[in-house]
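Report on the structure given below.
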Amino acid sequence: MELMEDEQLELMELAAASKGLPSRKWQRNKYVGVSLVGKTLAIMGFGKVGSEVARRAKGLGMHVIAHDPYAPADRARTVGVELVGFDEAIATADFISLHMPLTPATSKVLNDETFAKMKKGVRIVNVARGGVIDEEALVRALDAGTVAQAALDVFTEEPPAKDSKLVRHERVTVTPHLGASTTEAQEGVAIEIAEAVIGALKGELAATAVNAPMVPAEVLTELKPFVVLAEKLGRLAVQLVGGGSGVKTIKVTYASARAPDDLDTRLLRAMITKGIIEPIFNVFQRGLRITEERVILDGSPESPLEYVQVQIANVESRFASAISDSGEITVEGRVKDGIPHLTKVGSFEVDVSLEGSIILCRQVDQPGMIGTVGTILGEENVNVSFMSVGRIALRKQAVMAIGVDDQPSKETLKRIGDISAIEEFVFLKL
């Protein structure tokens with residue numbers, strides 16, 4: 001005999017009552033939800049967590065927008081998200097997910113005024129901080145139907161009061177500030193922190209740095225040797241600045257056979273900036289401007305870059321030969337067999353591995369110079385790793401680039417400078 005649904009419910013209630021249990025009703029109609037496909041999700045706070053939520057939401061077929069006054073537009077574009085203003089975000093969203101910190105600017109940022117700007121029936125998720133929502137205003141918005149549902153993991157007061165109207169509201173789902181409270185997440189965070197610390201101590205690129213551009217793991221792997229090259233070129237270029245000059249304009253040129261859309265240079269720019277700023281912070285003036293230019297080459301796009309060039313304009317140089325024909329301090333480098341190389345200083349072609357440190361010498365192009373300088377370094381127990389000479393023409397001026405493993409003493413550098421054929425020299429620490 002087949003029972004109707006009402007009869008099944010009646011039997012379930014009778015069975016529960018006979019055991020002294022509360023009634024267990026099969027209320028399917030009470031839990032009808034909405035589809036996420038095609039809905040607009042506004043992510044408020046586009047940091048690491050917000051961007052990961054965006055990736056997953058797009059996988060569910062949602063249209064994702066975000067508001068974050070500090071997030072760069074290129075980071076959002078990488079994930080396929082449009083950055084919009086605060087009012088536009090809350091006014092167009094079907095779902096709002098909060099991921100911002102609690103600051104004076106974000107305290108009770110969702111309040112009666114902002115709820116009034118939202119679509120009727122919006123759904124809100126707060127896994128950020130409780131104080132970013134005016135909880136009394138949220139209750140009023142729920143009662144009015146402006147907010148259809150709210151899912152809250154955080155509260156202004158934790159734990160919330162037992163008689164909290166918000167917690168007891170029938171259209172609110174709450175969890176006790178669980179965050180990443182899974183066994184796998186706790187273990188994963190511990191391992192990630194340990195690996196990040198070990199990598200940082202080894203001087204490796206920190207993939208989880210909060211102030212670094214977000215790039216996919218496969219792009220990071222491909223760019224890794226060029227990241228090292230970029231930082232070292234920046235470090236070299238700024239050490240060539242002399243005479244108390246203030247650095248205001250820096251130009252970076254990338255040469256590649258790849259189309260601009262297939263080459264993400266944000267991380268390279270960040271590392272060049274790091275290399276420039278770290279060695280001599282006091283050479284900078286307000287309004288430092290970094291421009292980028294791309295040179296599209298013919299050939300195979302197998303390698304992401306052919307060369308990177310860094311130029312600093314309107315400054316004096318400690319090494320006059322580093323000034324190119326166009327008047328800027330110019331250094332250029334390439335990656336060869338996975339190792340960054342310095343391949344150009346000013347207008348002189350050189351080829352020296354960017355390992356250890358470098359001595360640059362401008363000299364009269366004549367026999368015996370390599371041997372003379374090498375002998376001085378050898379007598380002072382300074383090991384030479386690479387040596388390269390670039391010249392303008394036979395028997396005229398040349399630039400010798402010498403890679404050394406150790407920092408020569410002042411006396412050693414003076415002996416090199418005292419060689420009659422050497423017109424100028426500079427020691428650059430990498």
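Every chain in the structure tokens takes a letter, A first, then B, and so on in the order presented; its residues are numbered from 1, and the ligands are numbered from 1 following the presented order.
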Using DSSP on the backbone coordinates, identify the residues of region 221-351 of chain A assigned to alpha helix (DSSP H); present them as a PDB file with C-alpha atoms, in the first residue's frame.
```
ATOM      1  CA  THR A 221      57.198  29.720 -12.882  1.00  0.00           C
ATOM      2  CA  GLU A 222      57.907  30.941 -16.412  1.00  0.00           C
ATOM      3  CA  LEU A 223      58.851  34.452 -15.325  1.00  0.00           C
ATOM      4  CA  LYS A 224      60.997  33.435 -12.349  1.00  0.00           C
ATOM      5  CA  PRO A 225      64.444  33.999 -13.975  1.00  0.00           C
ATOM      6  CA  PHE A 226      63.231  37.281 -15.483  1.00  0.00           C
ATOM      7  CA  VAL A 227      61.989  38.381 -12.058  1.00  0.00           C
ATOM      8  CA  VAL A 228      65.542  37.991 -10.747  1.00  0.00           C
ATOM      9  CA  LEU A 229      66.886  39.830 -13.793  1.00  0.00           C
ATOM     10  CA  ALA A 230      64.411  42.690 -13.313  1.00  0.00           C
ATOM     11  CA  GLU A 231      65.316  43.269  -9.671  1.00  0.00           C
ATOM     12  CA  LYS A 232      69.057  43.208 -10.352  1.00  0.00           C
ATOM     13  CA  LEU A 233      68.789  45.610 -13.291  1.00  0.00           C
ATOM     14  CA  GLY A 234      66.892  48.033 -11.062  1.00  0.00           C
ATOM     15  CA  ARG A 235      69.517  47.647  -8.347  1.00  0.00           C
ATOM     16  CA  LEU A 236      72.359  48.275 -10.834  1.00  0.00           C
ATOM     17  CA  ALA A 237      70.699  51.267 -12.472  1.00  0.00           C
ATOM     18  CA  VAL A 238      70.090  53.188  -9.255  1.00  0.00           C
ATOM     19  CA  GLN A 239      73.631  52.574  -7.981  1.00  0.00           C
ATOM     20  CA  ARG A 266      53.243  43.574 -13.536  1.00  0.00           C
ATOM     21  CA  LEU A 267      55.507  41.399 -11.396  1.00  0.00           C
ATOM     22  CA  LEU A 268      58.592  42.464 -13.383  1.00  0.00           C
ATOM     23  CA  ARG A 269      57.706  46.112 -12.856  1.00  0.00           C
ATOM     24  CA  ALA A 270      57.256  45.495  -9.129  1.00  0.00           C
ATOM     25  CA  MET A 271      60.674  43.805  -8.873  1.00  0.00           C
ATOM     26  CA  ILE A 272      62.406  46.568 -10.836  1.00  0.00           C
ATOM     27  CA  THR A 273      60.835  49.057  -8.431  1.00  0.00           C
ATOM     28  CA  LYS A 274      62.041  46.975  -5.472  1.00  0.00           C
ATOM     29  CA  GLY A 275      65.555  46.820  -6.885  1.00  0.00           C
ATOM     30  CA  ILE A 276      65.615  50.554  -7.471  1.00  0.00           C
ATOM     31  CA  ILE A 277      64.233  51.589  -4.090  1.00  0.00           C
TER      32      ILE A 277
END
```
**OP:** Quote the spacing between CA of Ser324 (chain A) and CA of Gln363 (chain A) in Å to one decimal place.
**Re:**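 These two atoms are separated by 16.8 Å.
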**OP:** Please provide the set of residues having any atom within 6 Å of region 57-64 of chain A, restricted to only C-alpha atoms, with same-chain residues fewer than 5 positions apart removed, written as an NGL selection string.
**Re:** :A and (37-41 or 81)
File of the preceding selection, N, CA and C atoms, as a CSV table (one decimal), in the first residue's frame:
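File written: again19.csv
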```
chain,number,residue,atom,x,y,z
A,37,VAL,N,23.3,30.9,-11.0
A,37,VAL,CA,23.7,31.1,-12.4
A,37,VAL,C,23.1,32.4,-13.0
A,38,GLY,N,23.9,33.3,-13.5
A,38,GLY,CA,23.4,34.5,-14.1
A,38,GLY,C,23.2,35.7,-13.1
A,39,LYS,N,23.4,35.4,-11.8
A,39,LYS,CA,23.2,36.4,-10.8
A,39,LYS,C,24.5,37.3,-10.7
A,40,THR,N,24.3,38.5,-10.2
A,40,THR,CA,25.5,39.4,-10.0
A,40,THR,C,26.0,39.3,-8.5
A,41,LEU,N,27.2,39.0,-8.3
A,41,LEU,CA,27.8,39.0,-7.0
A,41,LEU,C,28.7,40.2,-6.9
A,81,VAL,N,37.2,40.2,-13.3
A,81,VAL,CA,36.3,40.9,-12.5
A,81,VAL,C,36.4,42.4,-12.8
```
Original post:
Can you list, as a PyMOL selection string, every protein, DNA or RNA residue that comes within 12 Å of Glu136 (chain A) when you count only C-alpha atoms, leaving out same-chain residues fewer than 4 positions away?
Top reply: chain A and resi 108+110-112+115+131+140-143+155-156+164-167+169
Written selection (C-alpha atoms) as a PDB file, in the first residue's frame:
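Printed below is again.pdb as written:
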```pdb
ATOM      1  CA  LYS A 108      28.845  50.012   9.931  1.00  0.00           C
ATOM      2  CA  LEU A 110      26.169  48.644   5.637  1.00  0.00           C
ATOM      3  CA  ASN A 111      23.471  50.668   7.386  1.00  0.00           C
ATOM      4  CA  ASP A 112      19.950  51.987   6.843  1.00  0.00           C
ATOM      5  CA  PHE A 115      20.430  49.059   2.561  1.00  0.00           C
ATOM      6  CA  GLY A 131      31.383  45.627  12.882  1.00  0.00           C
ATOM      7  CA  ARG A 140      15.079  46.188   9.795  1.00  0.00           C
ATOM      8  CA  ALA A 141      16.146  45.437   6.208  1.00  0.00           C
ATOM      9  CA  LEU A 142      15.291  41.743   6.676  1.00  0.00           C
ATOM     10  CA  ASP A 143      11.864  42.571   8.133  1.00  0.00           C
ATOM     11  CA  PHE A 155      29.266  39.598  14.758  1.00  0.00           C
ATOM     12  CA  THR A 156      29.830  42.944  16.430  1.00  0.00           C
ATOM     13  CA  SER A 164      19.786  38.573  19.637  1.00  0.00           C
ATOM     14  CA  LYS A 165      17.020  39.395  17.142  1.00  0.00           C
ATOM     15  CA  LEU A 166      19.507  38.985  14.323  1.00  0.00           C
ATOM     16  CA  VAL A 167      20.658  35.509  15.317  1.00  0.00           C
ATOM     17  CA  HIS A 169      15.747  35.798  12.682  1.00  0.00           C
TER      18      HIS A 169
END
```
Original post:
What's the 7 Å shell around Phe86 (chain A), counting only C-alpha atoms, without same-chain residues fewer than 3 positions away, as an MDAnalysis selection string?
Top reply: chainID A and resid 67 89:90
Original post:
Quick one: of A:Leu240, A:Leu413, A:Val382, A:Ile419, who's nearest to Met369 (chain A), counting only C-alpha atoms?
Top reply: A:Ile419
